[in-house]
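Below: structure-v4.csv (CSV, C-alpha atoms)
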chain,number,residue,atom,x,y,z
A,15,MET,CA,32.3,92.6,63.2
A,16,ALA,CA,34.8,89.7,63.3
A,17,ALA,CA,36.5,89.0,66.6
A,18,VAL,CA,40.1,90.2,67.1
A,19,CYS,CA,42.8,89.1,69.5
A,20,LEU,CA,43.4,92.1,71.8
A,21,THR,CA,46.6,92.5,73.7
A,22,PRO,CA,46.4,92.3,77.5
A,23,LEU,CA,46.6,96.1,77.8
A,24,GLU,CA,43.9,96.6,75.2
A,25,GLN,CA,41.7,94.3,77.2
A,26,VAL,CA,42.2,96.4,80.3
A,27,LEU,CA,41.4,99.5,78.3
A,28,GLN,CA,38.3,97.9,76.8
A,29,ASP,CA,37.0,97.2,80.3
A,30,ARG,CA,37.8,100.7,81.5
A,31,PHE,CA,36.1,102.4,78.5
A,32,ARG,CA,33.1,100.1,79.0
A,33,GLN,CA,32.7,101.3,82.6
A,34,MET,CA,32.6,105.0,81.5
A,35,ALA,CA,29.2,106.7,81.4
A,36,GLY,CA,27.8,108.5,78.4
A,37,GLY,CA,28.6,108.1,74.7
A,38,PRO,CA,29.2,110.3,71.6
A,39,PRO,CA,28.2,113.9,72.1
A,40,GLU,CA,25.4,115.3,69.9
A,41,TRP,CA,27.8,117.0,67.5
A,42,ALA,CA,29.7,113.7,66.8
A,43,TRP,CA,29.3,110.7,64.6
A,44,PRO,CA,27.4,108.0,66.5
A,45,TYR,CA,30.4,105.7,67.2
A,46,PRO,CA,31.9,104.9,70.6
A,47,ALA,CA,35.3,106.0,71.7
A,48,PRO,CA,38.0,103.7,70.3
A,49,ILE,CA,40.7,102.2,72.5
A,50,PRO,CA,44.4,102.7,71.5
A,51,LEU,CA,46.3,100.1,69.5
A,52,ALA,CA,48.7,98.9,72.1
A,53,GLY,CA,51.5,96.6,70.9
A,54,ARG,CA,52.1,93.2,72.3
A,55,ASN,CA,55.6,94.2,73.5
A,56,TYR,CA,54.6,97.6,74.9
A,57,VAL,CA,55.9,98.0,78.5
A,58,PRO,CA,54.1,100.4,80.9
A,59,GLY,CA,56.5,102.9,82.4
A,60,ARG,CA,58.9,102.5,79.5
A,61,GLY,CA,56.7,102.7,76.4
A,62,LEU,CA,56.1,105.3,73.7
A,63,LEU,CA,52.6,106.5,73.0
A,64,VAL,CA,52.0,108.4,69.8
A,65,TYR,CA,48.8,110.4,69.3
A,66,ALA,CA,47.3,111.6,66.0
A,67,SER,CA,44.6,114.2,66.3
A,68,ALA,CA,41.2,112.8,65.1
A,69,GLU,CA,39.7,110.5,62.6
A,70,ASN,CA,38.0,111.8,59.4
A,71,LEU,CA,34.9,109.8,58.4
A,72,ALA,CA,34.1,111.6,55.2
A,73,TRP,CA,34.7,108.4,53.3
A,74,MET,CA,31.6,106.9,54.9
A,75,ASP,CA,29.4,109.5,53.0
A,76,ARG,CA,31.1,108.5,49.8
A,77,ASP,CA,30.7,104.8,50.4
A,78,LYS,CA,27.0,104.7,49.5
A,79,GLN,CA,27.1,100.9,48.8
A,80,HIS,CA,28.8,100.1,52.1
A,81,GLN,CA,31.5,98.2,50.3
A,82,LYS,CA,34.7,99.4,51.9
A,83,PRO,CA,36.2,96.8,54.2
A,84,ARG,CA,37.0,99.5,56.7
A,85,ARG,CA,33.3,99.6,57.6
A,86,GLU,CA,33.6,96.2,59.2
A,87,SER,CA,35.5,97.8,62.1
A,88,PHE,CA,32.5,100.0,63.0
A,89,GLY,CA,30.5,97.5,65.0
A,90,ALA,CA,27.6,98.1,67.5
A,91,ASP,CA,29.7,97.5,70.6
A,92,VAL,CA,29.7,100.1,73.4
A,93,VAL,CA,33.5,100.1,73.1
A,94,ALA,CA,35.3,100.4,69.8
A,95,VAL,CA,38.4,98.3,69.0
A,96,ARG,CA,38.5,99.5,65.4
A,97,TYR,CA,42.2,100.3,65.2
A,98,ARG,CA,43.1,96.7,66.2
A,99,HIS,CA,40.4,95.4,63.9
A,100,GLN,CA,41.6,97.4,60.9
A,101,TYR,CA,45.2,96.5,61.6
A,102,GLU,CA,44.3,92.8,61.5
A,103,ASN,CA,42.1,93.0,58.4
A,104,PRO,CA,44.1,91.5,55.5
A,105,GLN,CA,42.1,93.3,52.9
A,106,LEU,CA,43.4,96.6,54.3
A,107,GLN,CA,47.0,95.5,54.4
A,108,VAL,CA,47.5,94.5,50.7
A,109,GLU,CA,50.8,95.9,49.4
A,110,ARG,CA,51.3,98.1,52.4
A,111,PHE,CA,54.7,99.0,53.8
A,112,PHE,CA,53.2,101.0,56.6
A,113,PRO,CA,50.2,99.0,58.0
A,114,ASP,CA,46.8,100.5,57.8
A,115,VAL,CA,45.6,101.2,61.4
A,116,GLY,CA,42.7,103.6,60.6
A,117,MET,CA,44.8,106.7,61.5
A,118,ALA,CA,46.1,108.5,58.4
A,119,PRO,CA,49.3,110.1,59.9
A,120,VAL,CA,50.3,106.6,61.2
A,121,SER,CA,49.1,104.6,58.2
A,122,ASN,CA,50.9,107.0,55.8
A,123,GLY,CA,54.1,106.5,57.7
A,124,GLY,CA,54.8,110.0,59.1
A,125,LEU,CA,54.2,109.3,62.8
A,126,LEU,CA,55.8,105.9,62.6
A,127,CYS,CA,59.0,107.5,61.2
A,128,ALA,CA,58.8,110.0,64.1
A,129,ALA,CA,58.4,107.1,66.6
A,130,TYR,CA,61.5,105.4,65.1
A,131,PHE,CA,63.4,108.7,65.3
A,132,VAL,CA,62.4,109.4,68.9
A,133,LEU,CA,63.3,105.9,70.1
A,134,ASP,CA,66.7,106.2,68.5
A,135,GLU,CA,67.2,109.7,70.0
A,136,ILE,CA,66.6,108.4,73.5
A,137,GLU,CA,68.9,105.4,72.7
A,138,ALA,CA,66.2,102.8,72.8
A,139,SER,CA,66.3,99.7,70.7
A,140,VAL,CA,64.4,100.3,67.5
A,141,PRO,CA,62.9,97.5,65.3
A,142,SER,CA,63.7,97.5,61.6
A,143,SER,CA,60.1,97.0,60.4
A,144,PRO,CA,56.9,99.1,60.9
A,145,ARG,CA,55.0,96.1,62.2
A,146,ALA,CA,57.6,95.3,64.7
A,147,LEU,CA,57.6,98.9,65.8
A,148,LEU,CA,53.8,98.8,66.3
A,149,ASP,CA,54.3,95.8,68.5
A,150,LEU,CA,56.5,98.0,70.7
A,151,ILE,CA,54.5,101.2,71.0
A,152,ALA,CA,50.9,102.4,71.4
A,153,VAL,CA,49.1,104.6,68.9
A,154,ALA,CA,45.7,106.4,69.1
A,155,ASN,CA,43.8,109.5,68.1
A,156,TRP,CA,43.7,111.9,71.0
A,157,CYS,CA,40.2,113.0,70.0
A,158,LYS,CA,37.9,110.1,70.6
A,159,PHE,CA,34.9,111.5,68.7
A,160,VAL,CA,34.5,112.8,65.1
A,161,MET,CA,32.5,115.9,64.3
A,162,LEU,CA,29.6,115.2,61.9
A,163,SER,CA,31.2,117.9,59.6
A,164,ASN,CA,34.6,116.0,59.9
A,165,VAL,CA,36.2,119.3,60.9
A,166,ASP,CA,39.4,119.0,62.9
A,167,TYR,CA,38.6,120.6,66.3
A,168,VAL,CA,42.0,120.6,68.0
A,169,ARG,CA,41.6,124.3,68.9
A,170,ASP,CA,38.1,123.8,70.5
A,171,ARG,CA,38.9,123.2,74.2
A,172,GLU,CA,35.3,122.5,75.1
A,173,LYS,CA,35.0,119.7,72.6
A,174,LEU,CA,38.4,118.4,73.5
A,175,ARG,CA,37.3,118.0,77.1
A,176,LYS,CA,34.8,115.3,75.9
A,177,SER,CA,37.7,113.1,75.1
A,178,LEU,CA,39.8,113.9,78.2
A,179,PRO,CA,38.3,111.2,80.5
A,180,TYR,CA,39.2,108.5,77.9
A,181,VAL,CA,42.7,110.0,77.5
A,182,THR,CA,43.4,110.0,81.2
A,183,ASN,CA,42.2,106.4,81.5
A,184,GLU,CA,44.5,105.2,78.8
A,185,LEU,CA,47.4,107.2,80.3
A,186,GLU,CA,46.8,105.6,83.7
A,187,VAL,CA,46.9,102.1,82.1
A,188,LEU,CA,49.7,102.7,79.6
A,189,ARG,CA,51.9,104.9,81.8
A,190,PRO,CA,54.1,105.9,78.8
A,191,HIS,CA,57.6,107.1,79.3
A,192,LEU,CA,57.1,109.5,76.3
A,193,VAL,CA,54.0,110.8,74.6
A,194,ILE,CA,54.2,112.4,71.1
A,195,MET,CA,51.0,114.4,70.4
A,196,PRO,CA,49.6,117.4,68.5
A,197,LYS,CA,51.1,120.5,70.0
A,198,THR,CA,47.8,122.4,69.6
A,199,ILE,CA,46.0,119.9,71.9
A,200,LEU,CA,48.8,119.8,74.5
A,201,GLY,CA,49.0,123.6,74.8
A,202,ASP,CA,50.9,125.3,77.5
A,203,PRO,CA,52.0,123.5,80.7
A,204,ASP,CA,49.5,125.4,82.9
A,205,ASN,CA,46.2,124.5,81.0
A,206,ASP,CA,43.7,122.1,82.4
A,207,ILE,CA,44.2,119.4,79.7
A,208,TYR,CA,47.9,119.3,80.2
A,209,GLU,CA,47.5,119.2,84.0
A,210,ALA,CA,44.9,116.3,83.7
A,211,MET,CA,47.3,114.3,81.6
A,212,ARG,CA,50.2,114.9,83.9
A,213,GLY,CA,48.0,113.9,86.9
A,214,ALA,CA,47.1,110.6,85.1
A,215,SER,CA,50.7,109.7,84.3
A,216,PRO,CA,53.1,111.9,86.4
A,217,GLU,CA,56.3,110.3,85.1
A,218,THR,CA,55.5,110.9,81.4
A,219,THR,CA,57.3,113.5,79.2
A,220,PHE,CA,54.8,115.0,76.8
A,221,VAL,CA,56.1,116.2,73.5
A,222,GLY,CA,53.9,118.5,71.4
A,223,VAL,CA,54.5,118.5,67.7
A,224,MET,CA,52.8,119.9,64.6
A,225,GLN,CA,50.4,117.5,62.8
A,226,PHE,CA,52.0,115.5,60.1
A,227,ASN,CA,50.5,116.5,56.8
A,228,ALA,CA,51.5,118.0,53.4
A,229,MET,CA,50.7,121.6,54.4
A,230,VAL,CA,52.9,121.4,57.5
A,231,VAL,CA,55.8,119.6,55.8
A,232,ASN,CA,55.8,121.8,52.7
A,233,CYS,CA,55.0,125.2,54.1
A,234,HIS,CA,55.3,125.5,57.9
A,235,LEU,CA,58.6,123.7,58.5
A,236,GLN,CA,60.8,125.4,55.8
A,237,ARG,CA,63.1,126.8,58.5
A,238,PHE,CA,64.3,123.3,59.2
A,239,ASP,CA,65.9,122.7,55.8
A,240,ASP,CA,69.5,122.7,57.1
A,241,ALA,CA,68.7,120.5,60.0
A,242,ALA,CA,66.6,118.2,57.8
A,243,ALA,CA,69.6,117.7,55.4
A,244,GLU,CA,71.8,116.9,58.3
A,245,LEU,CA,69.4,114.3,59.6
A,246,GLY,CA,69.0,112.8,56.1
A,247,SER,CA,72.8,112.3,55.9
A,248,ARG,CA,73.1,110.9,59.4
A,249,TYR,CA,70.4,108.3,58.9
A,250,ALA,CA,71.3,107.5,55.2
A,251,SER,CA,72.4,103.9,55.9
A,252,THR,CA,69.7,103.1,58.4
A,253,PRO,CA,66.2,101.5,58.1
A,254,LEU,CA,64.8,105.0,58.8
A,255,ALA,CA,66.0,106.2,55.4
A,256,THR,CA,64.1,103.3,53.8
A,257,TRP,CA,61.0,104.1,55.8
A,258,MET,CA,61.2,107.8,54.8
A,259,SER,CA,61.4,106.8,51.1
A,260,LYS,CA,58.1,104.9,51.6
A,261,LEU,CA,56.0,107.8,53.0
A,262,ARG,CA,52.6,108.4,51.4
A,263,ARG,CA,50.8,111.6,50.5
A,264,VAL,CA,53.6,113.9,51.3
A,265,ASN,CA,56.7,115.3,49.6
A,266,ARG,CA,59.4,112.9,50.7
A,267,ASP,CA,62.2,115.4,49.9
A,268,HIS,CA,60.7,117.7,52.5
A,269,ALA,CA,59.6,115.1,55.1
A,270,TRP,CA,62.9,115.2,57.0
A,271,ARG,CA,61.9,118.7,58.1
A,272,PHE,CA,59.2,117.1,60.3
A,273,LEU,CA,61.8,114.9,62.1
A,274,ALA,CA,64.0,118.0,62.6
A,275,HIS,CA,61.0,119.7,64.1
A,276,VAL,CA,60.3,116.6,66.3
A,277,ALA,CA,64.0,116.7,67.5
A,278,GLU,CA,63.6,120.4,68.5
A,279,GLN,CA,60.4,119.7,70.4
A,280,LEU,CA,61.9,116.7,72.1
A,281,ARG,CA,64.8,118.7,73.4
A,282,GLU,CA,62.5,121.4,74.7
A,283,ALA,CA,60.2,119.0,76.5
A,284,ARG,CA,63.0,117.2,78.2
A,285,ARG,CA,64.3,120.6,79.5
A,286,LEU,CA,60.9,121.4,81.2
A,287,PRO,CA,60.8,120.9,85.0
A,288,ALA,CA,58.9,117.8,86.2

Please render this file's structure as structure tokens.
Amino acid sequence: MAAVCLTPLEQVLQDRFRQMAGGPPEWAWPYPAPIPLAGRNYVPGRGLLVYASAENLAWMDRDKQHQKPRRESFGADVVAVRYRHQYENPQLQVERFFPDVGMAPVSNGGLLCAAYFVLDEIEASVPSSPRALLDLIAVANWCKFVMLSNVDYVRDREKLRKSLPYVTNELEVLRPHLVIMPKTILGDPDNDIYEAMRGASPETTFVGVMQFNAMVVNCHLQRFDDAAAELGSRYASTPLATWMSKLRRVNRDHAWRFLAHVAEQLREARRLPA
């Protein structure tokens, strides 16, 4: 695997992950837990961390000839830097508006649009390009391992706990002001996963949202149609409107529903007692 230039925070995370005992569980693909992609301008204590759920490696079974450039990021190291490696691979970035970082909801644009929206809602300065935004925030999959069957296991608390030590380590290093993450993983405030994350980064506000995919946007978020139309009008002359028009693998007319849902969850999370 070609060397990549890690950010200082990524180097710290790489060292931390290296010191952790164990490896992939028996039910997972034999690849080590990847560190987050942490932007060069990310500021601990003030930054935004965005979690997708888990990778899907089904494409590896289809790539019988081992020709996909994405394979280059799956090296033999005990710590994986594959998100940074894929982000810096020019073969994966050809004609991409949203950079390919190896996480579908980020690479397709949905979670980057959500990050733009959240930063604007909390009155932070928002870059006008996705690459500049990725330099400002951190992104990762919460689940550090991938089931051999490539099934999403966000409801399996026992399997999720295999990832929790890695998550708490990255929270201790990144100390995000806000975390946007899958609502099913976050769960209720009194569960052990939520409590462990709060213990690792006590000042963080955790915002649980539904996963960004076509089924959620088209079917589960229909009640947000009016709020989505209002947001579309409010942001019509901003870079966010352009970003939303570039979304991949989702009905763009319905995608504003997801941001309306994010707005609701952000309001609720900020009302919770610390």

Per residue of range 37-57 of chain A within 9 Å of range 163-187 of chain A, record the nearest atom pair and its distance in Å to one decimal, counting all atoms listed in the file, with rows in chain order and ascending residue number, as CSV.
residue,atom,partner,partner_atom,distance
A:Pro38,CA,A:Lys176,CA,8.7
A:Pro39,CA,A:Lys176,CA,7.7
A:Trp41,CA,A:Ser163,CA,8.6
A:Ala42,CA,A:Ser163,CA,8.5
A:Trp43,CA,A:Asn164,CA,8.8
A:Ala47,CA,A:Tyr180,CA,7.7
A:Ile49,CA,A:Glu184,CA,7.9
A:Pro50,CA,A:Glu184,CA,7.7

Mind checking which residues fall within 9 Å of Leu254 in chain A, counting all atoms listed in the file, ignoring those fewer than 4 positions away in the same chain, and posting them as JSON, numbers by chain? {"A": [127, 130, 131, 142, 249, 250, 258, 259]}

What is the distance, in Å and to one decimal place, between CA of Thr218 in chain A and CA of Pro190 in chain A? 5.8 Å

Quick one: residues within 7 Å of Gly123 in chain A, all atoms listed in the file, excluding same-chain residues fewer than 6 positions away - as a PyMOL selection string? chain A and resi 112+261-262

Under the rule of at most 10 Å, produce a per-residue listing of range 178-232 of chain A near range 263-274 of chain A: chain, number, name, the closest pair of atoms, and the distance in Å, as a tab-separated table, using only C-alpha atoms.
residue	atom	partner	partner_atom	distance
A:Val223	CA	A:Phe272	CA	8.9
A:Met224	CA	A:Phe272	CA	8.2
A:Gln225	CA	A:Phe272	CA	9.2
A:Phe226	CA	A:Phe272	CA	7.4
A:Asn227	CA	A:Val264	CA	6.8
A:Ala228	CA	A:Val264	CA	5.1
A:Met229	CA	A:Val264	CA	8.8
A:Val230	CA	A:Phe272	CA	8.1
A:Val231	CA	A:Ala269	CA	5.9
A:Asn232	CA	A:His268	CA	6.4

Shell of 10 Å around Arg284 in chain A, only C-alpha atoms, local chain residues under 4 positions omitted, as a ChimeraX atom specification: /A:192,219-221,279-280,288

For Arg98 in chain A, which residue among A:Leu27, A:Met34, A:Cys19, A:Val57 is the nearest when counting all atoms listed in the file?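 Smallest separation from Arg98 in chain A among the options: A:Cys19.
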